[in-house]
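> The following file, target.tsv, comprises TSV, C-alpha atoms and all ligand atoms:
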chain	number	residue	atom	x	y	z
A	1	MET	CA	-64.78	-278.15	1.96
A	2	VAL	CA	-61.65	-276.02	2.33
A	3	SER	CA	-58.29	-277.76	1.94
A	4	ALA	CA	-55.34	-277.20	4.32
A	5	LYS	CA	-53.55	-275.42	1.45
A	6	GLY	CA	-56.63	-273.23	0.81
A	7	THR	CA	-56.90	-272.39	4.50
A	8	LYS	CA	-53.21	-271.46	4.59
A	9	SER	CA	-53.48	-269.14	1.60
A	10	HIS	CA	-56.70	-267.67	3.04
A	11	ILE	CA	-54.90	-266.96	6.33
A	12	HIS	CA	-51.97	-265.55	4.34
A	13	ARG	CA	-54.32	-263.21	2.45
A	14	ILE	CA	-55.91	-262.05	5.71
A	15	PHE	CA	-52.46	-261.55	7.23
A	16	CYS	CA	-51.28	-259.57	4.18
A	17	SER	CA	-54.36	-257.37	4.20
A	18	VAL	CA	-54.04	-256.75	7.98
A	19	ALA	CA	-50.32	-256.03	7.53
A	20	GLN	CA	-51.10	-253.68	4.65
A	21	LYS	CA	-53.73	-251.91	6.71
A	22	PHE	CA	-51.32	-251.78	9.62
A	23	HIS	CA	-48.58	-250.32	7.43
A	24	SER	CA	-50.85	-247.81	5.75
A	25	HIS	CA	-52.21	-246.90	9.18
A	26	GLN	CA	-48.66	-246.49	10.41
A	27	HIS	CA	-47.96	-244.30	7.40
A	28	TYR	CA	-51.15	-242.33	8.04
A	29	ASP	CA	-50.28	-241.97	11.73
A	30	ALA	CA	-46.75	-240.84	10.85
A	31	GLU	CA	-48.22	-238.24	8.49
A	32	LYS	CA	-50.63	-237.16	11.17
A	33	VAL	CA	-47.83	-236.75	13.68
A	34	GLU	CA	-45.82	-234.75	11.16
A	35	ARG	CA	-48.83	-232.60	10.38
A	36	SER	CA	-49.65	-232.05	14.01
A	37	LYS	CA	-46.04	-231.05	14.61
A	38	ASN	CA	-46.34	-228.49	11.83
A	39	ILE	CA	-49.71	-227.10	12.71
A	40	ALA	CA	-49.24	-227.00	16.44
A	41	GLY	CA	-46.74	-224.15	16.26
A	42	THR	CA	-47.63	-220.67	17.40
A	43	SER	CA	-44.14	-219.33	16.83
A	44	LEU	CA	-43.83	-216.49	14.34
A	45	ARG	CA	-40.06	-216.53	14.09
A	46	GLY	CA	-38.89	-215.35	10.70
A	47	LYS	CA	-42.26	-213.85	9.78
A	48	VAL	CA	-42.80	-210.22	8.87
A	49	ALA	CA	-46.05	-208.61	10.01
A	50	VAL	CA	-47.66	-205.29	9.19
A	51	ILE	CA	-50.15	-204.04	11.74
A	52	THR	CA	-52.00	-200.98	10.50
A	53	GLY	CA	-52.72	-198.48	13.27
A	54	SER	CA	-50.31	-199.87	15.84
A	55	SER	CA	-48.96	-196.79	17.61
A	56	LYS	CA	-51.38	-197.38	20.48
A	57	SER	CA	-54.36	-199.33	21.81
A	58	ILE	CA	-55.37	-202.65	20.18
A	59	GLY	CA	-52.92	-202.37	17.25
A	60	ALA	CA	-49.99	-201.76	19.61
A	61	ALA	CA	-50.96	-204.75	21.77
A	62	ILE	CA	-51.19	-206.91	18.64
A	63	ALA	CA	-47.75	-205.76	17.48
A	64	LYS	CA	-46.29	-206.66	20.89
A	65	ALA	CA	-48.00	-210.06	20.91
A	66	LEU	CA	-46.71	-210.92	17.42
A	67	ALA	CA	-43.24	-209.68	18.33
A	68	ALA	CA	-43.28	-211.80	21.49
A	69	GLU	CA	-43.81	-214.82	19.21
A	70	GLY	CA	-40.73	-213.77	17.24
A	71	ALA	CA	-42.25	-211.83	14.33
A	72	ASN	CA	-40.63	-208.75	12.91
A	73	VAL	CA	-43.27	-206.06	13.08
A	74	ILE	CA	-44.07	-202.85	11.29
A	75	ILE	CA	-45.54	-200.25	13.63
A	76	ASN	CA	-47.78	-198.14	11.43
A	77	TYR	CA	-49.32	-194.82	12.43
A	78	ALA	CA	-50.73	-191.69	10.86
A	79	LYS	CA	-50.17	-188.96	13.45
A	80	ASP	CA	-48.78	-190.03	16.78
A	81	GLY	CA	-45.09	-190.68	16.06
A	82	LYS	CA	-44.15	-190.43	19.73
A	83	SER	CA	-46.44	-193.29	20.78
A	84	ALA	CA	-45.29	-195.32	17.79
A	85	GLU	CA	-41.65	-194.81	18.85
A	86	GLU	CA	-42.49	-195.98	22.37
A	87	VAL	CA	-44.14	-199.17	21.09
A	88	ALA	CA	-41.17	-199.93	18.84
A	89	GLN	CA	-38.75	-199.19	21.64
A	90	GLN	CA	-40.54	-201.56	24.06
A	91	ILE	CA	-40.47	-204.34	21.47
A	92	ASN	CA	-36.86	-203.73	20.54
A	93	SER	CA	-35.60	-203.67	24.10
A	94	ALA	CA	-37.47	-206.91	24.83
A	95	SER	CA	-36.03	-208.32	21.62
A	96	ILE	CA	-32.46	-207.41	22.57
A	97	ALA	CA	-33.05	-209.07	25.92
A	98	SER	CA	-34.35	-212.29	24.40
A	99	THR	CA	-32.61	-212.11	20.98
A	100	SER	CA	-35.82	-213.51	19.53
A	101	ALA	CA	-35.67	-211.72	16.18
A	102	SER	CA	-34.64	-214.25	13.60
A	103	ILE	CA	-33.89	-212.60	10.29
A	104	SER	CA	-31.52	-209.90	9.22
A	105	LEU	CA	-33.24	-206.78	10.45
A	106	PRO	CA	-33.37	-203.34	8.90
A	107	PRO	CA	-32.89	-200.01	10.64
A	108	THR	CA	-35.99	-198.14	11.81
A	109	SER	CA	-37.14	-195.51	9.34
A	110	THR	CA	-36.20	-192.88	11.92
A	111	ASP	CA	-32.68	-194.27	12.07
A	112	VAL	CA	-32.41	-194.08	8.30
A	113	GLN	CA	-33.40	-190.41	8.47
A	114	LYS	CA	-31.03	-189.77	11.36
A	115	ASN	CA	-28.06	-191.32	9.63
A	116	GLY	CA	-28.92	-189.98	6.19
A	117	PRO	CA	-28.18	-191.81	2.94
A	118	ASN	CA	-24.42	-191.23	3.29
A	119	GLY	CA	-24.32	-191.74	7.06
A	120	VAL	CA	-21.22	-193.47	8.30
A	121	GLU	CA	-22.82	-194.94	11.42
A	122	LEU	CA	-24.09	-198.48	11.07
A	123	PRO	CA	-27.83	-198.59	11.77
A	124	PRO	CA	-28.96	-200.70	14.72
A	125	GLN	CA	-30.78	-203.92	13.93
A	126	GLN	CA	-34.39	-203.73	15.00
A	127	GLN	CA	-37.27	-206.19	15.36
A	128	ALA	CA	-39.86	-203.40	15.22
A	129	VAL	CA	-39.72	-200.59	12.70
A	130	LEU	CA	-41.92	-197.54	12.18
A	131	ILE	CA	-43.73	-196.63	9.01
A	132	LYS	CA	-45.82	-193.49	8.95
A	133	ALA	CA	-48.60	-193.96	6.40
A	134	ASP	CA	-52.24	-192.97	6.29
A	135	THR	CA	-54.00	-196.28	5.73
A	136	SER	CA	-57.36	-194.64	5.10
A	137	THR	CA	-56.12	-193.96	1.57
A	138	ILE	CA	-55.11	-196.38	-1.16
A	139	SER	CA	-51.84	-194.53	-1.75
A	140	GLY	CA	-51.03	-194.67	1.98
A	141	GLY	CA	-51.49	-198.44	1.94
A	142	GLN	CA	-49.30	-198.76	-1.13
A	143	TYR	CA	-46.54	-196.75	0.53
A	144	LEU	CA	-46.77	-198.92	3.66
A	145	LEU	CA	-46.40	-202.06	1.59
A	146	GLN	CA	-43.59	-200.69	-0.53
A	147	GLU	CA	-41.59	-199.59	2.53
A	148	THR	CA	-42.16	-202.95	4.24
A	149	LEU	CA	-40.75	-204.78	1.24
A	150	ARG	CA	-37.87	-202.35	0.95
A	151	MET	CA	-36.91	-202.91	4.59
A	152	PHE	CA	-37.65	-206.61	5.05
A	153	GLY	CA	-38.02	-208.02	1.53
A	154	ARG	CA	-41.07	-210.05	2.48
A	155	LEU	CA	-44.52	-209.95	4.09
A	156	ASP	CA	-46.27	-212.84	5.85
A	157	ILE	CA	-48.95	-211.30	8.04
A	158	LEU	CA	-51.24	-208.33	7.47
A	159	ILE	CA	-53.43	-207.09	10.33
A	160	LEU	CA	-55.94	-204.38	9.44
A	161	SER	CA	-56.45	-202.68	12.77
A	162	ALA	CA	-56.56	-198.96	11.91
A	163	GLY	CA	-60.18	-197.93	11.81
A	164	LEU	CA	-62.56	-195.02	12.14
A	165	MET	CA	-65.50	-194.94	14.55
A	166	GLY	CA	-67.68	-191.87	14.29
A	167	SER	CA	-70.98	-191.43	16.02
A	168	LYS	CA	-73.94	-190.01	14.03
A	169	THR	CA	-77.52	-191.04	13.43
A	170	LEU	CA	-79.17	-191.14	10.02
A	171	SER	CA	-80.44	-187.58	10.31
A	172	GLU	CA	-76.95	-186.32	11.18
A	173	ILE	CA	-74.76	-188.09	8.66
A	174	ASP	CA	-73.57	-186.47	5.47
A	175	GLU	CA	-71.60	-187.74	2.51
A	176	PRO	CA	-68.10	-186.89	3.81
A	177	PHE	CA	-68.85	-188.69	7.11
A	178	PHE	CA	-70.09	-191.75	5.25
A	179	ASP	CA	-67.15	-191.69	2.83
A	180	ALA	CA	-64.59	-191.30	5.64
A	181	HIS	CA	-65.89	-194.51	7.29
A	182	PHE	CA	-66.01	-196.52	4.12
A	183	ASP	CA	-62.59	-195.23	3.00
A	184	SER	CA	-60.93	-196.11	6.35
A	185	ASN	CA	-62.74	-199.31	7.19
A	186	VAL	CA	-63.52	-200.82	3.78
A	187	LYS	CA	-62.02	-199.32	0.62
A	188	ALA	CA	-58.41	-198.66	1.66
A	189	PRO	CA	-58.05	-201.98	3.57
A	190	LEU	CA	-59.48	-203.86	0.58
A	191	PHE	CA	-56.97	-202.32	-1.81
A	192	LEU	CA	-54.14	-202.85	0.66
A	193	VAL	CA	-55.06	-206.55	0.81
A	194	LYS	CA	-55.25	-206.67	-3.00
A	195	ALA	CA	-51.71	-205.30	-3.34
A	196	ALA	CA	-50.37	-207.35	-0.41
A	197	ALA	CA	-51.81	-210.61	-1.71
A	198	GLU	CA	-49.64	-210.25	-4.81
A	199	VAL	CA	-46.43	-210.22	-2.80
A	200	MET	CA	-47.16	-212.11	0.42
A	201	GLU	CA	-45.31	-215.32	1.15
A	202	ARG	CA	-47.34	-218.35	0.10
A	203	PRO	CA	-48.54	-220.68	1.41
A	204	GLY	CA	-49.00	-219.49	4.97
A	205	GLY	CA	-50.01	-215.85	4.47
A	206	ARG	CA	-52.31	-214.48	7.14
A	207	ILE	CA	-54.75	-211.58	6.75
A	208	ILE	CA	-56.83	-210.47	9.72
A	209	PHE	CA	-59.48	-207.76	9.73
A	210	LEU	CA	-60.66	-206.04	12.91
A	211	SER	CA	-64.43	-205.68	13.19
A	212	THR	CA	-66.65	-205.15	16.22
A	213	SER	CA	-69.12	-207.16	18.30
A	214	LEU	CA	-71.68	-204.48	17.35
A	215	THR	CA	-72.21	-206.21	13.99
A	216	ALA	CA	-73.78	-209.10	15.91
A	217	SER	CA	-75.28	-207.23	18.84
A	218	SER	CA	-78.95	-206.37	19.24
A	219	THR	CA	-78.20	-203.62	21.76
A	220	LEU	CA	-76.42	-201.36	19.30
A	221	LEU	CA	-77.36	-197.68	19.18
A	222	PRO	CA	-78.67	-195.71	16.15
A	223	ASN	CA	-75.57	-193.47	16.11
A	224	THR	CA	-73.33	-196.42	15.15
A	225	LEU	CA	-74.78	-196.47	11.63
A	226	CYS	CA	-71.70	-195.81	9.47
A	227	TYR	CA	-69.28	-197.59	11.80
A	228	VAL	CA	-71.30	-200.81	11.98
A	229	ALA	CA	-72.25	-200.72	8.30
A	230	SER	CA	-68.60	-200.35	7.27
A	231	LYS	CA	-67.36	-203.04	9.69
A	232	GLY	CA	-70.11	-205.35	8.45
A	233	ALA	CA	-68.83	-204.78	4.92
A	234	ALA	CA	-65.27	-205.60	6.03
A	235	GLU	CA	-66.50	-208.85	7.59
A	236	GLN	CA	-68.14	-209.87	4.32
A	237	ILE	CA	-64.99	-208.96	2.37
A	238	ALA	CA	-62.97	-211.21	4.66
A	239	ARG	CA	-65.40	-214.12	4.17
A	240	VAL	CA	-65.23	-213.87	0.40
A	241	LEU	CA	-61.45	-213.40	0.37
A	242	ALA	CA	-61.06	-216.55	2.44
A	243	LYS	CA	-62.44	-218.46	-0.55
A	244	ASP	CA	-60.34	-216.53	-3.06
A	245	LEU	CA	-56.97	-216.19	-1.30
A	246	GLY	CA	-57.46	-219.55	0.39
A	247	THR	CA	-56.47	-221.08	-2.94
A	248	LYS	CA	-53.01	-219.48	-2.49
A	249	GLY	CA	-52.64	-220.99	0.98
A	250	PHE	CA	-53.61	-217.83	2.85
A	251	THR	CA	-56.17	-217.54	5.58
A	252	VAL	CA	-58.40	-214.48	5.91
A	253	ASN	CA	-60.26	-214.02	9.17
A	254	THR	CA	-61.94	-211.32	11.22
A	255	VAL	CA	-61.55	-210.66	14.92
A	256	ALA	CA	-64.55	-208.86	16.36
A	257	PRO	CA	-63.79	-207.41	19.81
A	258	GLY	CA	-66.39	-206.21	22.25
A	259	PRO	CA	-65.76	-202.90	24.04
A	260	VAL	CA	-62.05	-202.35	24.66
A	261	ASP	CA	-60.60	-199.62	26.84
A	262	THR	CA	-58.81	-197.53	24.19
A	263	THR	CA	-58.70	-193.95	22.95
A	264	LEU	CA	-61.27	-194.80	20.28
A	265	PHE	CA	-63.68	-196.23	22.85
A	266	ARG	CA	-63.14	-193.57	25.54
A	267	ILE	CA	-63.62	-190.55	23.26
A	268	GLY	CA	-67.22	-189.42	23.56
A	269	THR	CA	-68.27	-192.28	25.84
A	270	PRO	CA	-69.40	-190.97	29.26
A	271	GLN	CA	-68.30	-192.97	32.31
A	272	HIS	CA	-71.87	-193.97	33.21
A	273	VAL	CA	-72.26	-195.54	29.73
A	274	ILE	CA	-68.95	-197.37	30.17
A	275	ASP	CA	-70.15	-198.62	33.59
A	276	SER	CA	-73.45	-199.82	32.18
A	277	ILE	CA	-71.66	-201.67	29.34
A	278	ALA	CA	-69.27	-203.26	31.85
A	279	ALA	CA	-72.27	-204.43	33.88
A	280	GLN	CA	-73.50	-206.43	30.87
A	281	ILE	CA	-70.21	-208.33	30.54
A	282	PRO	CA	-70.09	-211.46	32.72
A	283	SER	CA	-66.78	-210.44	34.32
A	284	HIS	CA	-68.07	-206.85	34.82
A	285	ARG	CA	-65.21	-205.14	33.09
A	286	ILE	CA	-64.31	-203.63	29.74
A	287	ALA	CA	-61.57	-205.47	27.87
A	288	GLU	CA	-57.98	-204.31	27.73
A	289	PRO	CA	-56.15	-204.42	24.36
A	290	GLU	CA	-54.12	-207.33	25.80
A	291	ASP	CA	-57.34	-209.40	25.97
A	292	ILE	CA	-57.63	-209.19	22.19
A	293	ALA	CA	-54.01	-209.39	21.01
A	294	PRO	CA	-53.21	-213.06	21.80
A	295	ILE	CA	-56.20	-214.21	19.75
A	296	VAL	CA	-54.92	-212.26	16.76
A	297	ALA	CA	-51.44	-213.68	17.31
A	298	PHE	CA	-52.89	-217.20	17.36
A	299	LEU	CA	-54.82	-216.65	14.13
A	300	ALA	CA	-51.62	-215.31	12.55
A	301	SER	CA	-49.71	-218.45	13.50
A	302	PRO	CA	-49.18	-221.73	11.63
A	303	ALA	CA	-51.34	-223.44	14.27
A	304	ALA	CA	-54.41	-221.63	12.91
A	305	GLN	CA	-54.02	-222.81	9.33
A	306	TRP	CA	-57.43	-224.50	9.37
A	307	VAL	CA	-59.29	-221.41	10.61
A	308	ASN	CA	-60.29	-219.54	7.47
A	309	GLY	CA	-63.16	-217.18	6.67
A	310	GLN	CA	-64.30	-216.95	10.28
A	311	ILE	CA	-65.51	-214.05	12.37
A	312	LEU	CA	-64.19	-214.60	15.85
A	313	GLY	CA	-65.97	-212.73	18.62
A	314	VAL	CA	-63.59	-211.74	21.44
A	315	ASN	CA	-65.87	-210.04	23.91
A	316	GLY	CA	-65.81	-211.83	27.27
A	317	GLY	CA	-69.36	-213.08	26.71
A	318	TYR	CA	-70.84	-209.62	26.04
A	319	VAL	CA	-72.37	-210.94	22.82
A	320	VAL	CA	-73.09	-214.68	22.74
B	1	LIG	N1	-61.86	-199.99	21.18
B	1	LIG	C1	-62.92	-200.73	21.01
B	1	LIG	O1	-63.82	-200.79	21.87
B	1	LIG	C2	-63.08	-201.54	19.76
B	1	LIG	C3	-64.07	-202.52	19.75
B	1	LIG	C4	-64.24	-203.28	18.61
B	1	LIG	C5	-63.44	-203.08	17.52
B	1	LIG	N2	-62.47	-202.14	17.55
B	1	LIG	C6	-61.66	-201.97	16.34
B	1	LIG	O2	-60.31	-202.23	16.65
B	1	LIG	C7	-59.46	-201.41	15.85
B	1	LIG	C8	-58.51	-200.62	16.74
B	1	LIG	O3	-59.30	-199.82	17.59
B	1	LIG	P1	-58.66	-199.01	18.81
B	1	LIG	O4	-59.75	-198.86	19.80
B	1	LIG	O5	-57.39	-199.65	19.20
B	1	LIG	O6	-58.39	-197.60	18.11
B	1	LIG	P2	-57.60	-196.31	18.63
B	1	LIG	O7	-57.49	-196.31	20.09
B	1	LIG	O8	-58.29	-195.14	18.00
B	1	LIG	O9	-56.16	-196.48	17.98
B	1	LIG	C9	-56.08	-196.37	16.61
B	1	LIG	C10	-54.68	-196.62	16.11
B	1	LIG	O10	-54.72	-196.56	14.69
B	1	LIG	C11	-53.90	-195.50	14.21
B	1	LIG	N3	-54.59	-194.90	13.09
B	1	LIG	C12	-55.79	-194.30	13.09
B	1	LIG	N4	-56.09	-193.89	11.84
B	1	LIG	C13	-55.04	-194.25	11.06
B	1	LIG	C14	-54.76	-194.12	9.69
B	1	LIG	N5	-55.62	-193.51	8.86
B	1	LIG	N6	-53.59	-194.59	9.21
B	1	LIG	C15	-52.72	-195.20	10.03
B	1	LIG	N7	-52.93	-195.36	11.34
B	1	LIG	C16	-54.09	-194.90	11.85
B	1	LIG	C17	-53.69	-194.58	15.39
B	1	LIG	O11	-52.43	-193.92	15.27
B	1	LIG	P3	-52.28	-192.33	15.09
B	1	LIG	O12	-53.03	-191.72	16.23
B	1	LIG	O13	-50.83	-192.10	15.14
B	1	LIG	O14	-52.83	-192.01	13.78
B	1	LIG	C18	-53.67	-195.58	16.55
B	1	LIG	O15	-52.42	-196.20	16.63
B	1	LIG	C19	-60.39	-200.53	15.01
B	1	LIG	O16	-60.53	-201.09	13.73
B	1	LIG	C20	-61.69	-200.57	15.77
B	1	LIG	O17	-62.80	-200.38	14.94
B	1	LIG	C21	-62.27	-201.36	18.66
For this file, produce the structure as structure tokens.

Amino acid sequence: MVSAKGTKSHIHRIFCSVAQKFHSHQHYDAEKVERSKNIAGTSLRGKVAVITGSSKSIGAAIAKALAAEGANVIINYAKDGKSAEEVAQQINSASIASTSASISLPPTSTDVQKNGPNGVELPPQQQAVLIKADTSTISGGQYLLQETLRMFGRLDILILSAGLMGSKTLSEIDEPFFDAHFDSNVKAPLFLVKAAAEVMERPGGRIIFLSTSLTASSTLLPNTLCYVASKGAAEQIARVLAKDLGTKGFTVNTVAPGPVDTTLFRIGTPQHVIDSIAAQIPSHRIAEPEDIAPIVAFLASPAAQWVNGQILGVNGGYVV
């Protein structure tokens, strides 16, 4: 038989345990709210992003998308300085309009050259700057990184968009063709990531490789051999790096677009082939670079902190 005193203390114990649970739940909920506040953000204000190969096409669209979220962006190119200037100019005029750039900004490299080391004119502050560097070589990547740090003093986001897509079957390929693909798409990006990982802001660093839906497509053609093999290698590098650099608070992911209407895609692709590819996409069109860029911007954002080591197909349902 339970006494009145026993019942009281039993009720007290139940009350205390419920109260404890309630409080710890409250604490847990408060933490969850705080966390959700932190992870929900897609803003890139204060971040510095390098986008290799961003003077045109997908890279340029990515640079604009990151800049629209407030990031300071490095427009990298190898040959086409005029297009690179145009991309930077578009970003900088939008930035002046919205005053979205958030850290003390350096002059563009062109402005530095124009003014010279002893120039008296004050350089304009820019959200987008140009760096000419051949990212198919290790030394080009090192120069890109070194200049980024010189101008901004930090790096948060690295997008590896510059890539080479040649078209040769097994009987046609030779060693230089093979090497050019693996240098551009695998070796140089890997060593750029290695150097960047040493200096990137942590936690929160973001590394994103660009692959292709062809690595997962059964309709690929025999002449894609070196391109697909090298992009497949890049995908595997990204998966492994997610485990390695994940310990530093970075994420490493791959975005794999389907066909996108760019210089790379148009060169050597007859219109009837383009039409037949478009017919296989549910919305019957080839993607524009702007279909790809927001996904990259999202993965680069704090909101995507729990997406790591993934290969994200962005192909309008071309490959499912
Ligand atoms: N287009 C597609 O259908 C498609 C589909 C799936 C995946 N992708 C991938 O997406 C990425 C971008 O493709 P895209 O179609 O936008 O290419 P794109 O039209 O050929 O544009 C390439 C960009 O990269 C720059 N670039 C090329 N080589 C460079 C180098 N060695 N160093 C520095 N910059 C370099 C080019 O600038 P300069 O001309 O000034 O050198 C240009 O800004 C590639 O990795 C590609 O494999 C494309």
> Show which residues sit within 7 Å of Ala88 in chain A, as a list in words. Count all atoms listed in the file, and ignore same-chain residues fewer than 2 positions away.
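Residues meeting the cut-off are Ile75, Ala84, Glu85, Glu86, Gln90, Ile91, Asn92, Ala128 and Val129 of chain A.
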> Kindly compile the residues surrounding ligand LIG 1 (chain B) within 8 Å, counting all atoms listed in the file, and format them as a VMD selection string.
chain A and resid 52 to 60 76 to 81 83 to 84 132 to 137 140 160 to 165 184 to 185 209 to 214 227 231 256 to 266 287 289
> Taking all atoms listed in the file into account, name the residue in A:Gln127, A:Val73, A:Leu158, A:Ala300 that is nearest to Ser95 in chain A.
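Counting all atoms listed in the file, the residue closest to Ser95 in chain A is A:Gln127.
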> Mind listing as a list of chain:residue names all residues within 8 Å of (-52.4, -199.6, 1.6), counting only C-alpha atoms?
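Residues with an atom at most 8 Å from (-52.4, -199.6, 1.6): A:Thr135, A:Ser136, A:Thr137, A:Ile138, A:Ser139, A:Gly140, A:Gly141, A:Gln142, A:Tyr143, A:Leu144, A:Leu145, A:Ala188, A:Pro189, A:Phe191, A:Leu192, A:Val193, A:Ala195.
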> Between CA of Leu299 in chain A and CA of Gly317 in chain A, what is the spacing in Å?
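Result for CA of Gly317 in chain A versus CA of Leu299 in chain A: 19.6 Å, one decimal.
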> For CA of Ile267 in chain A and CA of Asn253 in chain A, determine how far apart the two atoms are, in Å to one decimal place.
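Computed distance, CA of Ile267 in chain A to CA of Asn253 in chain A, equals 27.6 Å.
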> What gap, in Å, lies between CA of Ala49 in chain A and CA of Ala65 in chain A?
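Computing the Euclidean distance for CA of Ala49 in chain A and CA of Ala65 in chain A yields 11.2 Å.
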> Rank A:Ile173, A:Ala216, A:Ile157, A:Ala61 by their smallest atom-to-atom distance to Ala196 in chain A, using all atoms listed in the file, and report the top residue only.
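Among A:Ile173, A:Ala216, A:Ile157, A:Ala61, it is A:Ile157 that comes nearest to Ala196 in chain A.
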> A:Ala234, A:Ile208, A:Val228, A:Val48: which is nearest Leu66 in chain A, counting all atoms listed in the file?
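Smallest distance to Leu66 in chain A is found for A:Val48.
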> Could you check which of A:Gly166, A:Asn223, A:Ser301, A:Asp179 is closest to Gly46 in chain A, using all atoms listed in the file?
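For Gly46 in chain A, the nearest of the candidates is A:Ser301.
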> Write out as a PyMOL selection string the residues lying within 12 Å of Val252 in chain A, counting all atoms listed in the file and excluding same-chain residues fewer than 2 positions away.
chain A and resi 157-160+190+193+197+204-210+234-250+254-255+296+299-300+304-312
> Using all atoms listed in the file, which of the listed residues (A:Asn315, A:Thr251, A:Ser93, A:Ser276) sits closest to Glu201 in chain A?
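Using all atoms listed in the file, the shortest distance to Glu201 in chain A belongs to A:Thr251.
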> When you count all atoms listed in the file, which of these residues is closest to Ala293 in chain A: A:Val50, A:Val314, A:Val87, A:Ala180?
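Closest to Ala293 in chain A, using all atoms listed in the file: A:Val314.
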> For Phe178 in chain A, work out the shell of residues within 9 Å, counting all atoms listed in the file and skipping chain neighbours fewer than 3 positions away, then give it as a list of chain:residue names.
A:Ile173, A:Asp174, A:Glu175, A:His181, A:Phe182, A:Asp183, A:Cys226, A:Tyr227, A:Ser230
> Hey, can you spit out that residue selection with C-alpha atoms as an mmCIF file, in the frame of the given file?

data_model
loop_
_atom_site.group_PDB
_atom_site.id
_atom_site.type_symbol
_atom_site.label_atom_id
_atom_site.label_comp_id
_atom_site.auth_asym_id
_atom_site.auth_seq_id
_atom_site.Cartn_x
_atom_site.Cartn_y
_atom_site.Cartn_z
ATOM 1 C CA ILE A 173 -74.760 -188.090 8.660
ATOM 2 C CA ASP A 174 -73.570 -186.470 5.470
ATOM 3 C CA GLU A 175 -71.600 -187.740 2.510
ATOM 4 C CA HIS A 181 -65.890 -194.510 7.290
ATOM 5 C CA PHE A 182 -66.010 -196.520 4.120
ATOM 6 C CA ASP A 183 -62.590 -195.230 3.000
ATOM 7 C CA CYS A 226 -71.700 -195.810 9.470
ATOM 8 C CA TYR A 227 -69.280 -197.590 11.800
ATOM 9 C CA SER A 230 -68.600 -200.350 7.270
#
